[in-house]
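So the structure is just underneath, and the comments pick up after that.
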Amino acid sequence: MRSVKYLLAAGAASLLSSAALAADLPPPPAYAPPPMEEFGGWYLRGDIGFSNQRVKNIAMADGRNAALLSLQETTAFDTAGIFGIGIGYQFNNWLRGDITGQYRGNSNFKGTDLLTYPAGGGVIGNGVNNYNATKSEWLVMANGYVDLGTWWCVTPYIGAGIGMAQVTIANYTDVGSVNNNGGGFGTFPSYASAPAASKWNVAWALHTGLAYRVNPAMTVELGYSYVNLGSGTTGPVSDYTGFTRGVPMEFHNITSHDLKLGVRWDLNSPPVYAPAPLITKG
């Protein structure tokens with residue numbers, strides 16, 4: 001009987017000792033639940049790239065040269081840099097929009113035109129004109145994009161934009177020569193120039209590209225845009241003597257194929273949760 005009492009007393013002492021030891025142990029580590037994935041929020045963006053531009057034709061504003069020129073015209077722009085910034089909003093996991101501003105750097109323009117001078121139903125002269133100028137733009141545009149799903153952190157997208165472009169034409173010259181085909185005038189040179197001028201136009205664009213999400217706060221884009229910039233104009237054209245009729249040369253329907261590398265910074269990226277530290281007694 002006494003042995004039973006000893007066993008009961010030993011068991012009770014063991015339980016009390018275990019309870020006291022458990023009271024001294026730290027609680028299990030507490031972890032915050034992972035945040036729910038959310039879409040939406042403001043972002044900033046920056047872009048650099050280059051343009052590949054075209055112009056439909058160039059002509060004097062009064063149409064005077066349309067009667068003189070054969071319109072066998074070839075024109076070309078050199079590649080120019082593009083620098084842009086913007087602010088946007090991600091509405092959900094597939095729709096976003098932004099407002100962007102771009103400076104599109106100076107692009108050298110070269111053009112060649114064959115000329116014919118008719119008189120009394122016959123041609124009394126022919127020759128060539130060589131045009132040179134530089135062109136630059138400021139472009140402000142509101143854009144909307146549709147993200148087409150994400151695979152391995154890569155998201156293809158399409159979009160469109162509309163805005164305003166300020167097109168500046170500068171350093172315009174027209175150097176040429178005319179041969180009268182034996183009409184008695186010989187060969188004579190021609191020269192004309194015009195001061196710089198700027199013009200605001202409605203502009204629009206179509207976009208596509210790929211976006212890669214580097215981390216929750218940063219996304220890198222490789223994008224292509226087709227941009228219609230409207231028309232440009234010079235100041236009044238004058239000849240080498242300074243004589244002018246007050247008529248500018250116009251550049252009609254300027255378009256561009258743009259390739260850009262961009263970065264988006266998410267201003268509402270979710271915080272990173274870390275495990276709670278262990279709590280120890282004493």
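In the structure tokens, chains take letters A, B, ... by order of appearance, with residues numbered from 1 within each chain and ligands from 1 in the order shown.
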Legend entry - Asp47 (chain A) environment, 10 Å, only C-alpha atoms, sequence neighbours closer than 3 positions dropped, as JSON, numbers by chain: {"A": [82, 83, 84, 85, 86, 100, 101, 102, 220, 221, 222, 223, 259, 260, 261, 262, 263, 264]}
Inset, instruction - Mind the document's chain letters and residue numbers, and return as a ChimeraX atom specification the residues of region 36-253 of chain A that DSSP labels strand (DSSP E). - result: /A:41-60,69-77,80-90,95-119,122-147,154-179,187-194,197-215,218-239,244-253
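Residues within 8 Å of region 208-210 of chain A, counting only C-alpha atoms and excluding same-chain residues fewer than 2 positions away, are Val154, Thr155, Pro156, Tyr157, Ile158, Gly159, Leu206, Tyr212, Glu221, Leu222, Gly223, Tyr224 and Ser225 of chain A.
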Output for the residues just chosen: C-alpha atoms as a short mmCIF file (atom, residue, chain, number, x, y, z; two decimals), in the first residue's frame:
data_model
loop_
_atom_site.label_atom_id
_atom_site.label_comp_id
_atom_site.auth_asym_id
_atom_site.auth_seq_id
_atom_site.Cartn_x
_atom_site.Cartn_y
_atom_site.Cartn_z
CA VAL A 154 6.67 37.92 -69.16
CA THR A 155 3.51 39.81 -70.15
CA PRO A 156 2.74 40.71 -73.79
CA TYR A 157 0.59 43.81 -74.24
CA ILE A 158 -1.12 45.96 -76.85
CA GLY A 159 -2.27 49.56 -76.60
CA LEU A 206 -0.40 52.10 -81.64
CA TYR A 212 9.11 41.48 -67.63
CA GLU A 221 9.48 46.76 -71.06
CA LEU A 222 10.66 46.23 -74.63
CA GLY A 223 8.15 48.08 -76.78
CA TYR A 224 7.31 49.08 -80.34
CA SER A 225 5.10 52.03 -81.35
#
Inset, instruction - Could you tell me how far CA of Ala194 (chain A) lies from CA of Phe109 (chain A), in Å and to one decimal? - result: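 Interatomic distance here is 14.2 Å.
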Show which residues sit within 12 Å of Asp78 (chain A), as a compact mmCIF listing (two decimals) with N, CA and C atoms, in the first residue's frame. Count only C-alpha atoms, and ignore same-chain residues fewer than 3 positions away.
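Ended up saving to out.txt:
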# COMPACT_ATOMS: atom_id res chain seq x y z
N PHE A 50 14.77 54.82 -80.04
CA PHE A 50 15.11 55.54 -81.26
C PHE A 50 13.95 55.43 -82.24
N SER A 51 13.92 56.40 -83.17
CA SER A 51 12.83 56.49 -84.14
C SER A 51 13.34 56.15 -85.54
N ASN A 52 12.43 55.68 -86.37
CA ASN A 52 12.68 55.43 -87.79
C ASN A 52 11.54 56.11 -88.53
N GLN A 53 11.77 57.33 -89.07
CA GLN A 53 10.69 58.21 -89.49
C GLN A 53 10.56 58.30 -91.00
N ARG A 54 9.33 58.68 -91.42
CA ARG A 54 9.02 58.85 -92.83
C ARG A 54 8.17 60.11 -92.99
N VAL A 55 8.18 60.71 -94.20
CA VAL A 55 7.28 61.79 -94.54
C VAL A 55 6.66 61.46 -95.89
N THR A 75 12.81 60.84 -100.19
CA THR A 75 13.09 61.51 -98.92
C THR A 75 13.51 60.48 -97.88
N GLY A 81 17.16 59.88 -81.37
CA GLY A 81 16.88 59.37 -80.04
C GLY A 81 15.52 59.80 -79.51
N GLY A 105 14.60 63.63 -80.43
CA GLY A 105 15.75 64.44 -80.80
C GLY A 105 15.84 64.76 -82.28
N ASN A 106 16.79 65.63 -82.61
CA ASN A 106 16.99 66.10 -83.98
C ASN A 106 17.28 64.94 -84.93
N SER A 107 16.53 64.90 -86.01
CA SER A 107 16.74 63.91 -87.06
C SER A 107 17.05 64.66 -88.35
N ASN A 108 18.14 64.31 -89.01
CA ASN A 108 18.51 64.97 -90.26
C ASN A 108 17.62 64.48 -91.40
N PHE A 109 17.14 65.43 -92.19
CA PHE A 109 16.28 65.13 -93.34
C PHE A 109 17.05 65.38 -94.63
N LYS A 110 16.88 64.46 -95.59
CA LYS A 110 17.46 64.62 -96.92
C LYS A 110 16.40 64.27 -97.95
N GLY A 111 16.31 65.09 -98.99
CA GLY A 111 15.35 64.82 -100.05
C GLY A 111 15.92 65.19 -101.41
N ASN A 132 17.56 69.73 -97.55
CA ASN A 132 18.12 69.34 -96.26
C ASN A 132 17.40 70.09 -95.15
N ALA A 133 17.26 69.44 -94.00
CA ALA A 133 16.63 70.08 -92.84
C ALA A 133 16.89 69.21 -91.63
N THR A 134 16.51 69.71 -90.45
CA THR A 134 16.48 68.89 -89.24
C THR A 134 15.08 68.98 -88.65
N LYS A 135 14.69 67.93 -87.94
CA LYS A 135 13.35 67.85 -87.36
C LYS A 135 13.44 67.29 -85.95
N SER A 136 12.65 67.85 -85.04
CA SER A 136 12.53 67.33 -83.68
C SER A 136 11.10 67.52 -83.22
N SER A 256 6.35 57.52 -87.73
CA SER A 256 7.58 56.97 -87.15
C SER A 256 7.33 55.56 -86.62
Inset, instruction - Record the distance separating CA of Asn143 (chain A) and CA of Trp200 (chain A), expressed in Å with one decimal. - result: 18.8 Å
Inset, instruction - Tell me which protein, DNA and RNA residues are within 8 Å of Ala217 (chain A), counting only C-alpha atoms, leaving out same-chain ones fewer than 3 positions away, and put them as a VMD selection string. - result: chain A and resid 214 265 to 269
Deliver the residues from the most recent selection as a file, using N, CA and C atoms, as a short mmCIF file (atom, residue, chain, number, x, y, z; two decimals), in the first residue's frame.
data_model
loop_
_atom_site.label_atom_id
_atom_site.label_comp_id
_atom_site.auth_asym_id
_atom_site.auth_seq_id
_atom_site.Cartn_x
_atom_site.Cartn_y
_atom_site.Cartn_z
N VAL A 214 10.57 42.25 -62.89
CA VAL A 214 11.81 41.90 -62.21
C VAL A 214 11.54 41.59 -60.74
N TRP A 265 8.10 51.75 -62.36
CA TRP A 265 8.29 51.62 -60.91
C TRP A 265 6.93 51.68 -60.23
N ASP A 266 6.55 50.59 -59.57
CA ASP A 266 5.26 50.50 -58.89
C ASP A 266 5.33 51.28 -57.58
N LEU A 267 4.48 52.28 -57.41
CA LEU A 267 4.47 53.08 -56.19
C LEU A 267 3.64 52.46 -55.09
N ASN A 268 2.95 51.36 -55.37
CA ASN A 268 2.09 50.70 -54.39
C ASN A 268 2.47 49.24 -54.21
N SER A 269 3.77 48.92 -54.35
CA SER A 269 4.19 47.53 -54.23
C SER A 269 3.94 47.04 -52.81
#
Legend entry - Among listed residues A:Ser177, A:Gly144, A:Lys56, A:Ala76, nearest Leu115 (chain A) (using only C-alpha atoms):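 Among A:Ser177, A:Gly144, A:Lys56, A:Ala76, it is A:Ser177 that comes nearest to Leu115 (chain A).
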